[in-house]
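The file entry.txt contains compact mmCIF, C-alpha atoms:
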```txt
# COMPACT_ATOMS: atom_id res chain seq x y z
CA MET C 186 -5.47 3.55 -10.38
CA LYS C 187 -7.51 4.85 -13.31
CA LYS C 188 -10.10 2.15 -12.82
CA TRP C 189 -10.19 -0.44 -10.06
CA PRO C 190 -11.24 -3.96 -11.19
CA HIS C 191 -14.69 -5.25 -10.31
CA THR C 192 -14.25 -8.88 -11.41
CA ILE C 193 -11.76 -11.61 -10.48
CA LYS C 194 -10.57 -11.84 -14.09
CA GLU C 195 -9.78 -8.12 -14.13
CA ALA C 196 -8.13 -8.32 -10.69
CA LYS C 197 -5.86 -11.20 -11.72
CA ALA C 198 -4.74 -9.30 -14.79
CA ALA C 199 -4.08 -6.18 -12.71
CA GLN C 200 -2.00 -8.17 -10.22
CA GLU C 201 0.21 -9.57 -12.97
CA THR C 202 0.78 -6.10 -14.41
CA LEU C 203 1.50 -4.46 -11.05
CA ARG C 204 3.82 -7.15 -9.69
CA ASN C 205 6.19 -6.52 -12.57
CA LYS C 206 6.39 -2.84 -11.63
CA VAL C 207 7.47 -3.38 -8.01
CA LYS C 208 10.98 -2.08 -7.37
CA ILE C 209 12.95 -3.00 -4.25
CA LYS C 210 15.89 -0.64 -3.93
CA ARG C 211 17.54 1.80 -1.54
CA LEU C 212 15.33 4.73 -0.64
CA GLY C 213 17.93 7.26 -1.67
CA LYS C 214 16.38 10.25 0.07
CA ARG C 215 15.92 11.69 3.53
CA ILE C 216 12.62 10.95 5.25
CA LYS C 217 10.95 14.04 6.69
CA ARG C 218 7.40 12.72 6.98
CA ILE C 219 6.14 9.18 7.46
CA ALA C 220 2.54 7.97 7.41
CA ALA C 221 0.60 4.84 8.24
CA CYS C 222 -2.80 3.70 7.04
CA ASP C 223 -5.49 1.33 8.21
CA VAL C 224 -8.85 0.19 6.86
CA GLY C 225 -11.79 -1.10 8.87
CA PHE C 226 -15.19 -2.38 7.80
CA THR C 227 -18.72 -1.83 8.98
CA ASP C 228 -21.63 -3.43 7.12
CA ASP C 229 -21.04 -2.64 3.42
CA VAL C 230 -18.72 0.31 4.05
CA CYS C 231 -14.93 0.45 4.39
CA VAL C 232 -13.40 3.16 6.56
CA ALA C 233 -9.85 4.27 5.82
CA ALA C 234 -7.55 6.26 8.08
CA ILE C 235 -4.13 7.82 7.47
CA CYS C 236 -1.91 9.44 10.09
CA VAL C 237 1.05 11.57 9.00
CA PHE C 238 4.00 12.12 11.35
CA SER C 239 7.22 14.08 11.28
CA TYR C 240 10.28 11.84 11.17
CA PRO C 241 12.27 10.80 13.10
CA ASP C 242 10.67 12.56 16.11
CA LEU C 243 7.19 11.17 15.29
CA GLN C 244 5.05 14.21 16.00
CA LEU C 245 1.52 13.83 14.63
CA LEU C 246 1.03 16.35 11.80
CA GLU C 247 -2.19 15.31 10.12
CA GLU C 248 -4.89 12.68 10.37
CA LYS C 249 -7.69 12.04 7.94
CA THR C 250 -10.44 9.46 7.39
CA LEU C 251 -12.75 8.51 4.54
CA ARG C 252 -15.72 6.18 4.16
CA ARG C 253 -16.55 4.36 0.94
CA LYS C 254 -19.02 1.69 -0.06
CA ILE C 255 -17.40 -1.71 -0.69
CA ASP C 256 -17.68 -2.75 -4.32
CA PHE C 257 -15.44 -5.84 -4.47
CA PRO C 258 -16.22 -9.23 -2.84
CA TYR C 259 -14.19 -10.75 0.00
CA ILE C 260 -11.76 -13.15 -1.69
CA PRO C 261 -8.48 -14.23 -0.02
CA GLY C 262 -5.53 -13.06 -2.09
CA PHE C 263 -7.47 -10.12 -3.52
CA LEU C 264 -8.15 -8.06 -0.39
CA THR C 265 -6.35 -5.00 -1.74
CA PHE C 266 -9.12 -4.61 -4.29
CA ARG C 267 -11.53 -4.02 -1.38
CA GLU C 268 -9.29 -1.64 0.56
CA GLY C 269 -7.28 0.00 -2.19
CA PRO C 270 -9.86 2.33 -3.76
CA VAL C 271 -10.63 4.16 -0.51
CA LEU C 272 -6.94 4.35 0.45
CA GLU C 273 -5.98 5.80 -2.91
CA LYS C 274 -8.70 8.44 -2.72
CA LEU C 275 -7.83 9.34 0.87
CA PHE C 276 -4.12 9.64 0.10
CA TYR C 277 -4.80 12.32 -2.50
CA GLN C 278 -6.83 14.27 0.06
CA LEU C 279 -3.88 14.65 2.41
CA ARG C 280 -2.57 18.18 2.87
CA LEU C 281 0.89 16.88 3.82
CA LYS C 282 2.22 14.13 1.57
CA PRO C 283 4.49 11.62 3.35
CA ASP C 284 7.86 10.47 2.05
CA ILE C 285 7.04 6.88 2.95
CA LEU C 286 3.84 5.00 3.79
CA ILE C 287 3.61 1.96 6.07
CA PHE C 288 0.87 -0.66 6.23
CA ASP C 289 -0.37 -3.19 8.75
CA GLY C 290 0.03 -5.84 6.06
CA GLN C 291 2.46 -7.35 3.59
CA GLY C 292 4.84 -5.95 1.03
CA ILE C 293 6.63 -8.53 -1.15
CA ALA C 294 6.22 -11.23 1.55
CA HIS C 295 3.21 -12.49 -0.37
CA PRO C 296 2.64 -15.52 -2.63
CA LYS C 297 2.51 -13.18 -5.63
CA GLN C 298 5.04 -10.75 -4.11
CA LEU C 299 2.27 -8.16 -4.24
CA GLY C 300 0.86 -7.54 -0.79
CA ILE C 301 -1.11 -4.37 -0.10
CA ALA C 302 2.03 -2.31 0.57
CA SER C 303 3.52 -3.26 -2.81
CA HIS C 304 0.21 -2.90 -4.64
CA ILE C 305 -0.58 0.57 -3.30
CA GLY C 306 3.06 1.63 -3.51
CA VAL C 307 3.10 1.06 -7.26
CA ILE C 308 -0.25 2.80 -7.77
CA LEU C 309 0.77 5.87 -5.75
CA ASN C 310 4.42 5.74 -6.87
CA ILE C 311 5.57 6.16 -3.28
CA PRO C 312 7.98 4.17 -1.07
CA THR C 313 6.03 1.72 1.10
CA ILE C 314 6.66 -0.86 3.82
CA GLY C 315 4.53 -3.73 5.05
CA CYS C 316 4.63 -4.42 8.80
CA ALA C 317 2.31 -7.32 9.62
CA LYS C 318 1.41 -8.95 12.92
CA SER C 319 1.61 -12.44 11.41
CA ARG C 320 3.33 -14.31 8.60
CA LEU C 321 1.52 -14.74 5.31
CA TRP C 322 4.32 -16.15 3.17
CA GLY C 323 7.91 -17.18 3.67
CA GLU C 324 10.06 -19.34 5.91
CA TYR C 325 12.18 -18.11 8.80
CA GLU C 326 14.13 -19.13 11.85
CA LYS C 327 12.98 -17.79 15.20
CA ALA C 328 14.50 -14.45 16.09
CA GLY C 329 16.15 -13.96 19.49
CA LYS C 330 13.97 -12.83 22.38
CA LYS C 331 15.53 -9.40 22.87
CA LYS C 332 14.33 -6.14 21.31
CA GLY C 333 16.12 -5.65 18.00
CA ASP C 334 16.77 -9.33 17.34
CA PHE C 335 15.70 -10.42 13.88
CA SER C 336 15.88 -13.18 11.29
CA TYR C 337 15.27 -13.14 7.55
CA LEU C 338 12.04 -14.13 5.85
CA ILE C 339 12.81 -16.36 2.86
CA ASP C 340 10.74 -17.29 -0.18
CA PRO C 341 10.51 -21.13 -0.08
CA ARG C 342 10.36 -21.34 -3.86
CA SER C 343 13.34 -19.22 -4.84
CA GLY C 344 15.37 -18.74 -1.67
CA LYS C 345 15.02 -14.98 -2.15
CA VAL C 346 15.02 -12.77 0.95
CA LEU C 347 11.57 -11.19 1.24
CA GLY C 348 11.97 -9.28 4.48
CA CYS C 349 12.63 -9.95 8.12
CA VAL C 350 11.06 -11.03 11.38
CA LEU C 351 11.82 -8.37 14.00
CA ARG C 352 11.46 -8.49 17.78
CA THR C 353 10.27 -4.99 18.71
CA ARG C 354 10.12 -5.64 22.47
CA ASP C 355 11.75 -8.16 24.77
CA ASN C 356 9.86 -11.46 24.93
CA VAL C 357 6.92 -10.40 22.76
CA LYS C 358 5.77 -11.77 19.41
CA PRO C 359 7.75 -10.36 16.48
CA VAL C 360 6.43 -8.36 13.55
CA PHE C 361 6.88 -9.37 9.92
CA ILE C 362 8.44 -6.65 7.82
CA SER C 363 8.79 -6.59 4.06
CA PRO C 364 9.49 -3.74 1.67
CA GLY C 365 6.56 -2.78 -0.51
CA HIS C 366 8.00 -0.54 -3.21
CA LEU C 367 10.99 1.78 -3.70
CA VAL C 368 12.70 0.82 -0.43
CA GLY C 369 15.25 -1.82 0.53
CA ILE C 370 14.95 -4.68 3.01
CA LYS C 371 17.44 -3.32 5.56
CA GLU C 372 15.97 0.18 5.31
CA ALA C 373 12.48 -1.21 5.86
CA LYS C 374 13.61 -2.96 9.04
CA ASP C 375 15.49 0.07 10.34
CA ILE C 376 12.61 2.46 9.65
CA ILE C 377 10.07 0.25 11.41
CA ALA C 378 12.43 -0.22 14.37
CA SER C 379 12.83 3.55 14.67
CA CYS C 380 9.03 4.00 14.86
CA VAL C 381 8.51 1.60 17.78
CA GLY C 382 7.70 3.12 21.15
CA LYS C 383 6.41 1.34 24.23
CA TYR C 384 4.37 -1.19 22.29
CA ARG C 385 4.86 -4.03 19.86
CA LEU C 386 3.56 -2.17 16.80
CA PRO C 387 5.08 1.02 15.40
CA GLU C 388 3.40 4.18 16.69
CA PRO C 389 2.15 5.36 13.26
CA ILE C 390 0.33 2.04 12.70
CA ARG C 391 -1.16 2.17 16.19
CA CYS C 392 -2.39 5.68 15.53
CA ALA C 393 -3.98 4.81 12.17
CA HIS C 394 -5.68 1.74 13.64
CA SER C 395 -7.11 3.75 16.53
CA LEU C 396 -8.33 6.45 14.15
CA SER C 397 -10.08 3.96 11.86
CA ILE C 398 -11.89 2.44 14.86
CA LYS C 399 -13.07 5.89 15.97
CA ALA C 400 -14.24 6.67 12.44
CA LYS C 401 -16.35 3.51 12.35
```
Target encoding structure tokens, full file:
Amino acid sequence: MKKWPHTIKEAKAAQETLRNKVKIKRLGKRIKRIAACDVGFTDDVCVAAICVFSYPDLQLLEEKTLRRKIDFPYIPGFLTFREGPVLEKLFYQLRLKPDILIFDGQGIAHPKQLGIASHIGVILNIPTIGCAKSRLWGEYEKAGKKKGDFSYLIDPRSGKVLGCVLRTRDNVKPVFISPGHLVGIKEAKDIIASCVGKYRLPEPIRCAHSLSIKAK
């Protein structure tokens, strides 16, 4: 982003502009590298981490962190404006650019259909997926208890499908998947499912989270 907003008025205007640029469509290309990002906070500093993997074998290729002073207040619904600047800067420092970027957060399963995955996806012009540990927006029926079972996440206002609720392991809490930008709903689910190992969360997200903690 040429200039990140510093006021709520500017942030609201930016959200309206960006939400109209989100495109949910089939990926249309082969994925060779996939990355995940995470942001942690310590005092007045945010610490971003990105891990890049080969795909589909998920071999770690690159990991990078960056610290940046926080310059936007904590306001629910506007959290991307705190995390986004450091993520954008870190992304451009990567030696190996990923074909798709996943977030521990929301894509279009958001009241404004502009969660962090959608927001950053538009800014970076890269396919993105949100894979959150909990629901932010949308209604759904409980998925079955077996690994791979899923149900759709529906916008209560329009009836539009926003994503899905996927069981990544038998008898564990599901994850909430929604496309961010330049990827379809089924593809988003399938890609996240293919990145799951022994744990509930996809391995790239686990790696990025661990790296951000170490960097703090």
Could I get the residues of range 312-371 of chain C with an atom no further than 12 Å from an atom of range 282-290 of chain C, each paired with its nearest atom pair and that distance in Å to one decimal, using all atoms listed in the file, sorted by chain and residue number, as a tab-separated table?
```
residue	atom	partner	partner_atom	distance
C:Pro312	CA	C:Ile285	CA	4.9
C:Thr313	CA	C:Leu286	CA	4.8
C:Ile314	CA	C:Ile287	CA	4.7
C:Gly315	CA	C:Phe288	CA	4.9
C:Cys316	CA	C:Asp289	CA	5.1
C:Ala317	CA	C:Gly290	CA	4.5
C:Lys318	CA	C:Asp289	CA	7.3
C:Ser319	CA	C:Gly290	CA	8.6
C:Arg320	CA	C:Gly290	CA	9.4
C:Leu321	CA	C:Gly290	CA	9.1
C:Trp322	CA	C:Gly290	CA	11.5
C:Val360	CA	C:Asp289	CA	9.8
C:Phe361	CA	C:Gly290	CA	8.6
C:Ile362	CA	C:Gly290	CA	8.6
C:Ser363	CA	C:Gly290	CA	9.0
C:Pro364	CA	C:Ile287	CA	9.3
C:Gly365	CA	C:Ile287	CA	8.6
C:His366	CA	C:Ile285	CA	9.7
C:Leu367	CA	C:Ile285	CA	9.3
C:Val368	CA	C:Ile285	CA	9.0
```
| Expressed in Å to a single decimal, how great is the separation between CA of Gly306 in chain C and CA of Pro341 in chain C? | 24.2 Å
| message | From the options C:Val232, C:Leu275, C:Val381, C:Ile216, which residue's atoms come nearest to Arg253 in chain C, counting only C-alpha atoms? | response |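 Of the candidates, the smallest distance to Arg253 in chain C is held by C:Val232.
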| said: Give me, as number ranges by chain, all polymer residues having an atom no more than 9 Å from Gln200 in chain C, counting only C-alpha atoms and skipping those fewer than 4 positions away in the same chain. | reply: C: 195-196, 204-205, 263, 297, 299, 304
| query | Using only C-alpha atoms, which of C:Gln278, C:Thr227, C:Asn310, C:Thr202 sits nearest Leu251 in chain C? | reply |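 With only C-alpha atoms as the atom set, the closest residue is C:Gln278.
Of the residues listed (C:Ile308, C:Gly300, C:Leu347, C:Val207), C:Leu347 shows the shortest atom-to-atom separation from Gly323 in chain C; distances use only C-alpha atoms.
Residue nearest Leu245 in chain C, chosen from C:Ala220, C:Ile377, C:Ala294, C:Leu272 and counting only C-alpha atoms: C:Ala220.
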Given 6 Å of margin on each side, can you work out the centre and size in Å (one decimal) of an axis-aligned box holding every listed atom of range 222-231 of chain C, as AutoDock Vina command-line options?
```
--center_x -12.2 --center_y 0.1 --center_z 6.2 --size_x 30.8 --size_y 19.1 --size_z 17.6
```
| query | In Å to one decimal, how far is CA of Leu309 in chain C from CA of Phe276 in chain C? | reply | 8.5 Å
| query | Between C:Gln298, C:Ser395, C:Ser303, C:Ser379, which one has atoms that come closest to Ile339 in chain C, using all atoms listed in the file? | reply |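 Among C:Gln298, C:Ser395, C:Ser303, C:Ser379, it is C:Gln298 that comes nearest to Ile339 in chain C.
Taking CA of Glu248 in chain C and CA of Ile398 in chain C as the two end points, the separation is 13.2 Å.
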| field | Of the listed residues C:Lys383, C:Ser343, C:Val271, C:Gly369, that which approaches Asp355 in chain C most closely, counting all atoms listed in the file | value |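 Of C:Lys383, C:Ser343, C:Val271, C:Gly369, the one nearest Asp355 in chain C, counting all atoms listed in the file, is C:Lys383.
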With the cut-off set at 10 Å and counting all atoms listed in the file, tabulate each residue of range 236-299 of chain C with an atom at most that distance from an atom of range 348-352 of chain C, showing the nearest atom pair and its distance in Å to one decimal, ordered by chain and increasing number, as a Markdown table.
```
| residue | atom | partner | partner_atom | distance |
| --- | --- | --- | --- | --- |
| C:Gln291 | CA | C:Gly348 | CA | 9.7 |
| C:Gly292 | CA | C:Gly348 | CA | 8.6 |
| C:Ile293 | CA | C:Gly348 | CA | 7.8 |
| C:Ala294 | CA | C:Gly348 | CA | 6.7 |
```
